[in-house]
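Data file: model_30.cif. Format and content: mmCIF, C-alpha atoms and all ligand atoms.
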```cif
data_my_file
#
loop_
_atom_site.group_PDB
_atom_site.id
_atom_site.type_symbol
_atom_site.label_atom_id
_atom_site.label_comp_id
_atom_site.auth_asym_id
_atom_site.auth_seq_id
_atom_site.Cartn_x
_atom_site.Cartn_y
_atom_site.Cartn_z
ATOM 1 C CA MET A 13 196.023 14.145 -46.565
ATOM 2 C CA THR A 14 197.506 17.517 -47.567
ATOM 3 C CA ALA A 15 195.074 20.408 -47.119
ATOM 4 C CA ARG A 16 194.305 21.962 -50.490
ATOM 5 C CA MET A 17 193.447 25.665 -50.612
ATOM 6 C CA PRO A 18 190.098 26.087 -52.436
ATOM 7 C CA LEU A 19 190.411 28.015 -55.687
ATOM 8 C CA MET A 20 187.485 29.900 -57.204
ATOM 9 C CA ALA A 21 188.130 31.014 -60.782
ATOM 10 C CA ALA A 22 186.051 33.305 -62.999
ATOM 11 C CA ASN A 23 186.273 32.527 -66.711
ATOM 12 C CA TRP A 24 184.868 35.566 -68.485
ATOM 13 C CA LYS A 25 185.291 33.981 -71.925
ATOM 14 C CA MET A 26 184.648 36.497 -74.772
ATOM 15 C CA HIS A 27 182.870 39.033 -72.579
ATOM 16 C CA PHE A 28 183.736 42.600 -71.603
ATOM 17 C CA THR A 29 185.809 45.417 -73.033
ATOM 18 C CA ALA A 30 188.900 46.352 -71.053
ATOM 19 C CA ASP A 31 186.998 49.101 -69.206
ATOM 20 C CA GLU A 32 184.117 46.800 -68.326
ATOM 21 C CA ALA A 33 186.494 44.132 -67.051
ATOM 22 C CA VAL A 34 188.348 46.657 -64.875
ATOM 23 C CA ALA A 35 185.035 47.906 -63.456
ATOM 24 C CA LEU A 36 183.944 44.358 -62.588
ATOM 25 C CA VAL A 37 187.229 43.391 -60.983
ATOM 26 C CA LYS A 38 187.100 46.527 -58.844
ATOM 27 C CA GLU A 39 183.631 45.515 -57.660
ATOM 28 C CA LEU A 40 184.931 42.039 -56.838
ATOM 29 C CA ASN A 41 187.912 43.430 -55.001
ATOM 30 C CA LYS A 42 185.639 45.550 -52.853
ATOM 31 C CA GLY A 43 182.895 43.003 -52.450
ATOM 32 C CA ILE A 44 184.831 39.823 -51.628
ATOM 33 C CA THR A 45 185.341 39.746 -47.907
ATOM 34 C CA ARG A 46 186.511 36.160 -47.572
ATOM 35 C CA PHE A 47 189.986 35.951 -48.998
ATOM 36 C CA ASP A 48 191.133 33.860 -46.061
ATOM 37 C CA GLY A 49 191.311 30.177 -46.839
ATOM 38 C CA ARG A 50 190.476 30.591 -50.521
ATOM 39 C CA GLU A 51 192.249 31.740 -53.638
ATOM 40 C CA VAL A 52 190.414 33.834 -56.245
ATOM 41 C CA VAL A 53 191.354 34.047 -59.922
ATOM 42 C CA VAL A 54 189.813 36.043 -62.781
ATOM 43 C CA ALA A 55 190.387 35.248 -66.457
ATOM 44 C CA PRO A 56 189.442 38.217 -68.672
ATOM 45 C CA PRO A 57 189.949 38.318 -72.454
ATOM 46 C CA PHE A 58 193.498 39.163 -73.639
ATOM 47 C CA THR A 59 192.617 42.801 -74.372
ATOM 48 C CA ALA A 60 191.658 43.402 -70.738
ATOM 49 C CA LEU A 61 194.666 41.708 -69.100
ATOM 50 C CA ALA A 62 196.873 44.795 -68.779
ATOM 51 C CA GLY A 63 194.098 46.979 -67.356
ATOM 52 C CA VAL A 64 192.914 44.299 -64.944
ATOM 53 C CA ALA A 65 196.516 43.598 -63.870
ATOM 54 C CA SER A 66 197.029 47.210 -62.838
ATOM 55 C CA ALA A 67 193.633 47.363 -61.127
ATOM 56 C CA LEU A 68 194.684 44.290 -59.114
ATOM 57 C CA ALA A 69 198.131 45.619 -58.164
ATOM 58 C CA SER A 70 197.560 45.385 -54.419
ATOM 59 C CA SER A 71 194.776 42.808 -54.443
ATOM 60 C CA PRO A 72 194.907 39.113 -53.499
ATOM 61 C CA ILE A 73 192.882 38.328 -56.661
ATOM 62 C CA LYS A 74 195.081 36.555 -59.196
ATOM 63 C CA LEU A 75 195.046 36.966 -62.942
ATOM 64 C CA ALA A 76 194.688 34.258 -65.594
ATOM 65 C CA ALA A 77 194.618 34.252 -69.382
ATOM 66 C CA GLN A 78 192.184 31.978 -71.228
ATOM 67 C CA ASN A 79 194.659 30.473 -73.691
ATOM 68 C CA CYS A 80 198.236 30.734 -74.968
ATOM 69 C CA HIS A 81 200.574 29.395 -77.645
ATOM 70 C CA TRP A 82 203.387 27.017 -76.718
ATOM 71 C CA GLU A 83 206.235 28.860 -78.451
ATOM 72 C CA SER A 84 207.885 31.812 -76.759
ATOM 73 C CA GLN A 85 207.869 33.958 -79.924
ATOM 74 C CA GLY A 86 207.829 33.660 -83.699
ATOM 75 C CA ALA A 87 205.764 33.892 -86.860
ATOM 76 C CA TYR A 88 202.422 32.781 -85.366
ATOM 77 C CA THR A 89 199.975 35.496 -86.388
ATOM 78 C CA GLY A 90 197.310 36.102 -83.805
ATOM 79 C CA GLU A 91 198.930 34.056 -81.051
ATOM 80 C CA ILE A 92 200.158 35.082 -77.594
ATOM 81 C CA SER A 93 203.080 33.395 -75.820
ATOM 82 C CA PRO A 94 203.395 32.328 -72.170
ATOM 83 C CA SER A 95 206.210 34.813 -71.566
ATOM 84 C CA MET A 96 204.059 37.676 -72.942
ATOM 85 C CA LEU A 97 201.330 36.676 -70.504
ATOM 86 C CA ARG A 98 203.772 36.556 -67.646
ATOM 87 C CA HIS A 99 205.047 39.969 -68.602
ATOM 88 C CA VAL A 100 201.553 41.502 -68.588
ATOM 89 C CA GLY A 101 201.019 40.207 -65.040
ATOM 90 C CA CYS A 102 199.304 36.828 -65.407
ATOM 91 C CA ASP A 103 199.735 34.241 -62.682
ATOM 92 C CA CYS A 104 198.278 31.379 -64.683
ATOM 93 C CA VAL A 105 196.558 30.311 -67.914
ATOM 94 C CA ILE A 106 193.485 28.179 -68.630
ATOM 95 C CA VAL A 107 194.455 25.416 -71.061
ATOM 96 C CA GLY A 108 192.376 22.901 -72.985
ATOM 97 C CA HIS A 109 188.962 24.389 -72.257
ATOM 98 C CA SER A 110 186.321 22.340 -74.071
ATOM 99 C CA GLU A 111 185.272 25.355 -76.145
ATOM 100 C CA ARG A 112 188.835 25.516 -77.493
ATOM 101 C CA ARG A 113 188.848 21.778 -78.139
ATOM 102 C CA GLN A 114 185.402 21.955 -79.806
ATOM 103 C CA TYR A 115 185.670 25.117 -81.906
ATOM 104 C CA PHE A 116 189.396 25.704 -82.376
ATOM 105 C CA GLY A 117 190.766 22.245 -82.969
ATOM 106 C CA GLU A 118 192.758 21.839 -79.755
ATOM 107 C CA THR A 119 193.941 18.306 -79.159
ATOM 108 C CA ASP A 120 195.493 16.495 -76.222
ATOM 109 C CA GLU A 121 198.827 17.023 -77.971
ATOM 110 C CA SER A 122 198.514 20.801 -78.381
ATOM 111 C CA VAL A 123 197.197 21.059 -74.833
ATOM 112 C CA ASN A 124 200.260 19.143 -73.625
ATOM 113 C CA ARG A 125 202.647 21.457 -75.463
ATOM 114 C CA LYS A 126 200.986 24.463 -73.834
ATOM 115 C CA ILE A 127 201.167 22.934 -70.358
ATOM 116 C CA VAL A 128 204.877 22.155 -70.793
ATOM 117 C CA ALA A 129 205.534 25.693 -72.078
ATOM 118 C CA LEU A 130 203.725 27.261 -69.120
ATOM 119 C CA VAL A 131 205.576 25.176 -66.579
ATOM 120 C CA GLU A 132 208.851 26.201 -68.230
ATOM 121 C CA VAL A 133 208.218 29.905 -67.639
ATOM 122 C CA ASP A 134 206.851 29.195 -64.176
ATOM 123 C CA LEU A 135 203.273 30.206 -64.930
ATOM 124 C CA GLY A 136 200.424 28.313 -63.326
ATOM 125 C CA CYS A 137 198.030 26.336 -65.453
ATOM 126 C CA ILE A 138 194.385 25.330 -65.131
ATOM 127 C CA PHE A 139 194.205 22.215 -67.285
ATOM 128 C CA CYS A 140 190.614 21.401 -68.345
ATOM 129 C CA ILE A 141 189.230 17.973 -69.164
ATOM 130 C CA GLY A 142 185.721 16.595 -69.505
ATOM 131 C CA GLU A 143 183.407 14.336 -71.462
ATOM 132 C CA THR A 144 180.629 15.202 -73.912
ATOM 133 C CA LEU A 145 177.021 14.139 -73.416
ATOM 134 C CA GLU A 146 177.376 11.347 -76.009
ATOM 135 C CA GLU A 147 180.452 10.036 -74.237
ATOM 136 C CA ARG A 148 178.660 10.039 -70.865
ATOM 137 C CA GLN A 149 175.612 8.317 -72.332
ATOM 138 C CA ALA A 150 177.867 5.679 -73.880
ATOM 139 C CA GLU A 151 179.415 5.196 -70.400
ATOM 140 C CA LYS A 152 182.778 6.319 -71.647
ATOM 141 C CA THR A 153 183.311 9.151 -69.157
ATOM 142 C CA LEU A 154 186.193 7.596 -67.226
ATOM 143 C CA GLU A 155 187.868 6.332 -70.395
ATOM 144 C CA VAL A 156 187.734 9.828 -71.927
ATOM 145 C CA LEU A 157 189.117 11.441 -68.778
ATOM 146 C CA ALA A 158 191.947 8.901 -68.620
ATOM 147 C CA LYS A 159 192.865 9.584 -72.241
ATOM 148 C CA GLN A 160 192.829 13.358 -71.770
ATOM 149 C CA LEU A 161 195.003 12.992 -68.667
ATOM 150 C CA ILE A 162 197.527 10.741 -70.410
ATOM 151 C CA GLY A 163 197.754 13.096 -73.399
ATOM 152 C CA GLY A 164 197.809 16.345 -71.468
ATOM 153 C CA LEU A 165 200.327 15.266 -68.838
ATOM 154 C CA GLU A 166 202.726 13.514 -71.225
ATOM 155 C CA GLY A 167 206.337 13.982 -70.182
ATOM 156 C CA LEU A 168 205.595 15.946 -67.015
ATOM 157 C CA GLY A 169 207.659 15.080 -63.955
ATOM 158 C CA GLU A 170 206.668 15.247 -60.305
ATOM 159 C CA GLU A 171 207.892 18.778 -59.776
ATOM 160 C CA GLN A 172 206.089 20.128 -62.847
ATOM 161 C CA ALA A 173 202.881 18.277 -62.066
ATOM 162 C CA GLY A 174 202.833 19.736 -58.567
ATOM 163 C CA LYS A 175 202.305 23.190 -60.089
ATOM 164 C CA LEU A 176 199.169 22.276 -62.028
ATOM 165 C CA VAL A 177 195.529 22.806 -61.268
ATOM 166 C CA LEU A 178 193.048 20.515 -63.012
ATOM 167 C CA ALA A 179 189.478 21.374 -63.917
ATOM 168 C CA TYR A 180 186.861 18.706 -64.530
ATOM 169 C CA GLU A 181 184.249 20.289 -66.786
ATOM 170 C CA PRO A 182 181.646 17.951 -68.253
ATOM 171 C CA VAL A 183 180.885 19.512 -71.639
ATOM 172 C CA TRP A 184 177.139 18.876 -71.221
ATOM 173 C CA ALA A 185 177.137 21.018 -68.072
ATOM 174 C CA ILE A 186 178.897 24.065 -69.521
ATOM 175 C CA GLY A 187 176.591 27.015 -70.080
ATOM 176 C CA THR A 188 173.558 24.725 -70.110
ATOM 177 C CA GLY A 189 172.244 25.169 -66.581
ATOM 178 C CA HIS A 190 172.557 21.374 -66.107
ATOM 179 C CA THR A 191 175.119 21.057 -63.353
ATOM 180 C CA ALA A 192 176.589 17.636 -62.646
ATOM 181 C CA SER A 193 175.145 16.355 -59.379
ATOM 182 C CA PRO A 194 177.602 16.531 -56.481
ATOM 183 C CA GLU A 195 177.844 12.721 -56.662
ATOM 184 C CA GLN A 196 178.555 12.686 -60.414
ATOM 185 C CA ALA A 197 181.205 15.363 -59.961
ATOM 186 C CA GLN A 198 182.768 13.631 -56.946
ATOM 187 C CA GLU A 199 182.942 10.333 -58.845
ATOM 188 C CA ALA A 200 184.867 11.975 -61.691
ATOM 189 C CA HIS A 201 187.103 13.923 -59.310
ATOM 190 C CA ALA A 202 187.929 10.799 -57.295
ATOM 191 C CA PHE A 203 188.802 9.002 -60.538
ATOM 192 C CA ILE A 204 191.088 11.869 -61.585
ATOM 193 C CA ARG A 205 192.732 11.921 -58.142
ATOM 194 C CA ASP A 206 193.280 8.175 -58.312
ATOM 195 C CA ASN A 207 194.820 8.532 -61.759
ATOM 196 C CA LEU A 208 197.196 11.216 -60.432
ATOM 197 C CA VAL A 209 198.131 9.041 -57.452
ATOM 198 C CA LYS A 210 199.026 6.172 -59.801
ATOM 199 C CA ARG A 211 201.158 8.436 -61.934
ATOM 200 C CA PHE A 212 202.890 10.690 -59.412
ATOM 201 C CA ASP A 213 204.209 10.562 -55.909
ATOM 202 C CA ASN A 214 201.354 10.420 -53.376
ATOM 203 C CA ALA A 215 202.136 13.787 -51.821
ATOM 204 C CA VAL A 216 202.324 15.493 -55.230
ATOM 205 C CA ALA A 217 199.089 13.892 -56.453
ATOM 206 C CA ASN A 218 197.283 14.904 -53.283
ATOM 207 C CA GLN A 219 198.385 18.497 -53.489
ATOM 208 C CA ILE A 220 197.011 19.048 -57.042
ATOM 209 C CA ARG A 221 193.716 20.898 -56.886
ATOM 210 C CA ILE A 222 190.830 19.658 -59.004
ATOM 211 C CA LEU A 223 188.188 22.287 -59.789
ATOM 212 C CA TYR A 224 184.671 21.536 -60.970
ATOM 213 C CA GLY A 225 183.228 23.601 -63.820
ATOM 214 C CA GLY A 226 179.843 23.539 -65.544
ATOM 215 C CA SER A 227 176.907 25.717 -64.468
ATOM 216 C CA VAL A 228 178.284 26.462 -61.011
ATOM 217 C CA LYS A 229 175.959 28.992 -59.377
ATOM 218 C CA PRO A 230 175.352 30.566 -55.998
ATOM 219 C CA ASP A 231 172.682 27.965 -55.245
ATOM 220 C CA ASN A 232 174.716 24.851 -55.999
ATOM 221 C CA VAL A 233 178.258 25.864 -55.028
ATOM 222 C CA ASP A 234 177.955 24.824 -51.361
ATOM 223 C CA GLU A 235 176.951 21.220 -52.065
ATOM 224 C CA LEU A 236 179.621 20.886 -54.762
ATOM 225 C CA MET A 237 182.335 22.297 -52.495
ATOM 226 C CA ALA A 238 181.281 19.899 -49.735
ATOM 227 C CA GLN A 239 182.582 16.957 -51.812
ATOM 228 C CA PRO A 240 185.966 15.679 -50.632
ATOM 229 C CA ASP A 241 187.731 15.851 -54.006
ATOM 230 C CA ILE A 242 186.240 19.118 -55.272
ATOM 231 C CA ASP A 243 188.816 21.787 -54.501
ATOM 232 C CA GLY A 244 187.262 24.766 -56.228
ATOM 233 C CA ALA A 245 185.210 25.944 -59.172
ATOM 234 C CA LEU A 246 185.764 27.281 -62.669
ATOM 235 C CA VAL A 247 182.806 29.551 -63.271
ATOM 236 C CA GLY A 248 181.596 31.004 -66.566
ATOM 237 C CA GLY A 249 178.103 32.523 -66.714
ATOM 238 C CA ALA A 250 177.721 33.098 -62.978
ATOM 239 C CA SER A 251 181.034 34.966 -62.844
ATOM 240 C CA LEU A 252 179.838 37.741 -65.157
ATOM 241 C CA LYS A 253 177.985 39.530 -62.359
ATOM 242 C CA ALA A 254 179.755 40.687 -59.215
ATOM 243 C CA ASP A 255 177.018 39.582 -56.785
ATOM 244 C CA SER A 256 176.818 36.012 -57.957
ATOM 245 C CA PHE A 257 180.588 35.456 -58.165
ATOM 246 C CA ILE A 258 181.058 37.038 -54.728
ATOM 247 C CA ARG A 259 178.495 34.586 -53.336
ATOM 248 C CA ILE A 260 180.325 31.705 -55.045
ATOM 249 C CA VAL A 261 183.658 32.754 -53.528
ATOM 250 C CA ASP A 262 181.848 32.971 -50.211
ATOM 251 C CA PHE A 263 180.787 29.293 -50.385
ATOM 252 C CA GLU A 264 180.153 27.351 -47.192
ATOM 253 C CA GLY A 265 181.619 23.925 -47.172
HETATM 254 P P1 LIG B 1 179.546 27.920 -67.128
HETATM 255 O O1 LIG B 1 181.008 27.795 -67.782
HETATM 256 O O2 LIG B 1 179.777 28.211 -65.643
HETATM 257 O O3 LIG B 1 178.882 29.055 -67.845
HETATM 258 O O4 LIG B 1 178.858 26.617 -67.322
HETATM 259 C C1 LIG B 1 182.057 27.145 -67.123
HETATM 260 C C2 LIG B 1 183.284 27.116 -67.999
HETATM 261 O O5 LIG B 1 183.149 26.966 -69.218
HETATM 262 O O6 LIG B 1 184.432 27.255 -67.517
#
```

Output the file's structure in the form of structure tokens.
Amino acid sequence: MTARMPLMAANWKMHFTADEAVALVKELNKGITRFDGREVVVAPPFTALAGVASALASSPIKLAAQNCHWESQGAYTGEISPSMLRHVGCDCVIVGHSERRQYFGETDESVNRKIVALVEVDLGCIFCIGETLEERQAEKTLEVLAKQLIGGLEGLGEEQAGKLVLAYEPVWAIGTGHTASPEQAQEAHAFIRDNLVKRFDNAVANQIRILYGGSVKPDNVDELMAQPDIDGALVGGASLKADSFIRIVDFEG
């Protein structure tokens, strides 16, 4: 099997002014000692991207945006295009986060358009999927994941798919303190991997990293990262403080 480089991503959501974000990323840059064998990404709000990009100029930490539009420009008040994000120094963009699906009407179709647009301008993409509590209780988890994968990956070829990162984020685990157990997470990740293997060439499917997200913390990251199909973490709450995110990046596993 291809070795996949673990990726630890901080999703700061709607937190921090530009100055606060720059201060935090400087602390991370100084505090993270283990950049070998792991990739680190921070996703500040749009208003902090330029400042954080210049603070990271000679740092291995990569920069992500939390959303984008699929068009490259036009009359779309309030939207930001992939090429604008590339220009400001982003390496990748989080797409389809459950908060965007829940509160801002994102659908598998709009998520797909964004993924295609990002691949076109050669920006990376962290494509999020995950089931709600009701869906899990109704034993529909795998069905929901399959549907989100079909919709989100529509029309993508092998070469494009190879550039993606997926994030499995059970909605019931996000910001709730209820992390999926390592076994629950591994089961979903293995299902996603299997789905990718069926759809794409084996080598491509095995090189796509699948992150887990949902209440990842310093005290559960090691057991999650020990699972064979968990290739990293997408971290919200525990990424807002330098100490806890540094410990997460420093996982043992
Ligand atoms: P959380 O958020 O770590 O606060 O649960 C994760 C996410 O929404 O990406």

Which residues are near ligand LIG 1 (chain B) - at most 10 Å, using all atoms listed in the file? Format: as JSON, numbers by chain. {"A": [21, 22, 23, 24, 25, 78, 106, 109, 110, 111, 140, 179, 180, 181, 182, 183, 184, 185, 186, 187, 188, 189, 190, 191, 223, 224, 225, 226, 227, 228, 229, 245, 246, 247, 248, 249, 250, 251, 252]}

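The residues caught by the PyMOL selection byres (((chain A and resi 67) around 10) and not hetatm) in this file are Ala33, Val34, Ala35, Val37, Lys38, Asn41, Leu61, Ala62, Gly63, Val64, Ala65, Ser66, Leu68, Ala69, Ser70 and Ser71 of chain A.
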
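Taking CA of Glu264 in chain A as the reference point, CA of Val53 in chain A is found at 18.2 Å.
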
Given the file shown, enumerate the residues that the PyMOL selection byres (((chain A and resi 194-202) around 12) and not hetatm) captures and present them as number ranges by chain. A: 141-143, 148, 152-158, 178-182, 185, 190-193, 203-209, 217-218, 220-226, 228, 232-245

Limited to C-alpha atoms, could you put the picked residues into a file as a PDB file, keeping the file's coordinate frame?
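Dumped to again.pdb:
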```pdb
ATOM      1  CA  ILE A 141     189.230  17.973 -69.164  1.00  0.00           C
ATOM      2  CA  GLY A 142     185.721  16.595 -69.505  1.00  0.00           C
ATOM      3  CA  GLU A 143     183.407  14.336 -71.462  1.00  0.00           C
ATOM      4  CA  ARG A 148     178.660  10.039 -70.865  1.00  0.00           C
ATOM      5  CA  LYS A 152     182.778   6.319 -71.647  1.00  0.00           C
ATOM      6  CA  THR A 153     183.311   9.151 -69.157  1.00  0.00           C
ATOM      7  CA  LEU A 154     186.193   7.596 -67.226  1.00  0.00           C
ATOM      8  CA  GLU A 155     187.868   6.332 -70.395  1.00  0.00           C
ATOM      9  CA  VAL A 156     187.734   9.828 -71.927  1.00  0.00           C
ATOM     10  CA  LEU A 157     189.117  11.441 -68.778  1.00  0.00           C
ATOM     11  CA  ALA A 158     191.947   8.901 -68.620  1.00  0.00           C
ATOM     12  CA  LEU A 178     193.048  20.515 -63.012  1.00  0.00           C
ATOM     13  CA  ALA A 179     189.478  21.374 -63.917  1.00  0.00           C
ATOM     14  CA  TYR A 180     186.861  18.706 -64.530  1.00  0.00           C
ATOM     15  CA  GLU A 181     184.249  20.289 -66.786  1.00  0.00           C
ATOM     16  CA  PRO A 182     181.646  17.951 -68.253  1.00  0.00           C
ATOM     17  CA  ALA A 185     177.137  21.018 -68.072  1.00  0.00           C
ATOM     18  CA  HIS A 190     172.557  21.374 -66.107  1.00  0.00           C
ATOM     19  CA  THR A 191     175.119  21.057 -63.353  1.00  0.00           C
ATOM     20  CA  ALA A 192     176.589  17.636 -62.646  1.00  0.00           C
ATOM     21  CA  SER A 193     175.145  16.355 -59.379  1.00  0.00           C
ATOM     22  CA  PHE A 203     188.802   9.002 -60.538  1.00  0.00           C
ATOM     23  CA  ILE A 204     191.088  11.869 -61.585  1.00  0.00           C
ATOM     24  CA  ARG A 205     192.732  11.921 -58.142  1.00  0.00           C
ATOM     25  CA  ASP A 206     193.280   8.175 -58.312  1.00  0.00           C
ATOM     26  CA  ASN A 207     194.820   8.532 -61.759  1.00  0.00           C
ATOM     27  CA  LEU A 208     197.196  11.216 -60.432  1.00  0.00           C
ATOM     28  CA  VAL A 209     198.131   9.041 -57.452  1.00  0.00           C
ATOM     29  CA  ALA A 217     199.089  13.892 -56.453  1.00  0.00           C
ATOM     30  CA  ASN A 218     197.283  14.904 -53.283  1.00  0.00           C
ATOM     31  CA  ILE A 220     197.011  19.048 -57.042  1.00  0.00           C
ATOM     32  CA  ARG A 221     193.716  20.898 -56.886  1.00  0.00           C
ATOM     33  CA  ILE A 222     190.830  19.658 -59.004  1.00  0.00           C
ATOM     34  CA  LEU A 223     188.188  22.287 -59.789  1.00  0.00           C
ATOM     35  CA  TYR A 224     184.671  21.536 -60.970  1.00  0.00           C
ATOM     36  CA  GLY A 225     183.228  23.601 -63.820  1.00  0.00           C
ATOM     37  CA  GLY A 226     179.843  23.539 -65.544  1.00  0.00           C
ATOM     38  CA  VAL A 228     178.284  26.462 -61.011  1.00  0.00           C
ATOM     39  CA  ASN A 232     174.716  24.851 -55.999  1.00  0.00           C
ATOM     40  CA  VAL A 233     178.258  25.864 -55.028  1.00  0.00           C
ATOM     41  CA  ASP A 234     177.955  24.824 -51.361  1.00  0.00           C
ATOM     42  CA  GLU A 235     176.951  21.220 -52.065  1.00  0.00           C
ATOM     43  CA  LEU A 236     179.621  20.886 -54.762  1.00  0.00           C
ATOM     44  CA  MET A 237     182.335  22.297 -52.495  1.00  0.00           C
ATOM     45  CA  ALA A 238     181.281  19.899 -49.735  1.00  0.00           C
ATOM     46  CA  GLN A 239     182.582  16.957 -51.812  1.00  0.00           C
ATOM     47  CA  PRO A 240     185.966  15.679 -50.632  1.00  0.00           C
ATOM     48  CA  ASP A 241     187.731  15.851 -54.006  1.00  0.00           C
ATOM     49  CA  ILE A 242     186.240  19.118 -55.272  1.00  0.00           C
ATOM     50  CA  ASP A 243     188.816  21.787 -54.501  1.00  0.00           C
ATOM     51  CA  GLY A 244     187.262  24.766 -56.228  1.00  0.00           C
ATOM     52  CA  ALA A 245     185.210  25.944 -59.172  1.00  0.00           C
TER      53      ALA A 245
END
```

The PyMOL selection byres (((chain A and resi 115-128) around 10) and not hetatm) applied to the shown file, residues as a PyMOL selection string: chain A and resi 79-83+93-94+105-114+129-141+159-168+172-173+176

d(CA of Cys102 in chain A, CA of Val261 in chain A) in Å: 20.1 Å

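Counting from CA of Ser84 in chain A, the distance to CA of Met96 in chain A is 8.0 Å.
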
So for range 35-43 of chain A, what box centre and size do we get, axis-aligned, 5 Å extra on each of the six sides, every listed atom, Å to one decimal, as lines of an AutoDock Vina configuration file?
```
center_x = 185.4
center_y = 45.0
center_z = -58.0
size_x = 15.0
size_y = 15.9
size_z = 21.0
```

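Counting only C-alpha atoms, the residue from A:Glu171, A:Asp103, A:Asp31, A:Glu51 that sits nearest to Met17 in chain A is A:Glu51.
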
Excluding Phe47 in chain A and its own-chain neighbours fewer than 5 positions away, which residues fall within 9 Å of it when counting only C-alpha atoms? Please give them as a ChimeraX atom specification. /A:52,72-73,261-262

Which one of A:Gly169, A:Gly174, A:Gly101, A:Pro230 sits closest to Ala55 in chain A if you count only C-alpha atoms? A:Gly101
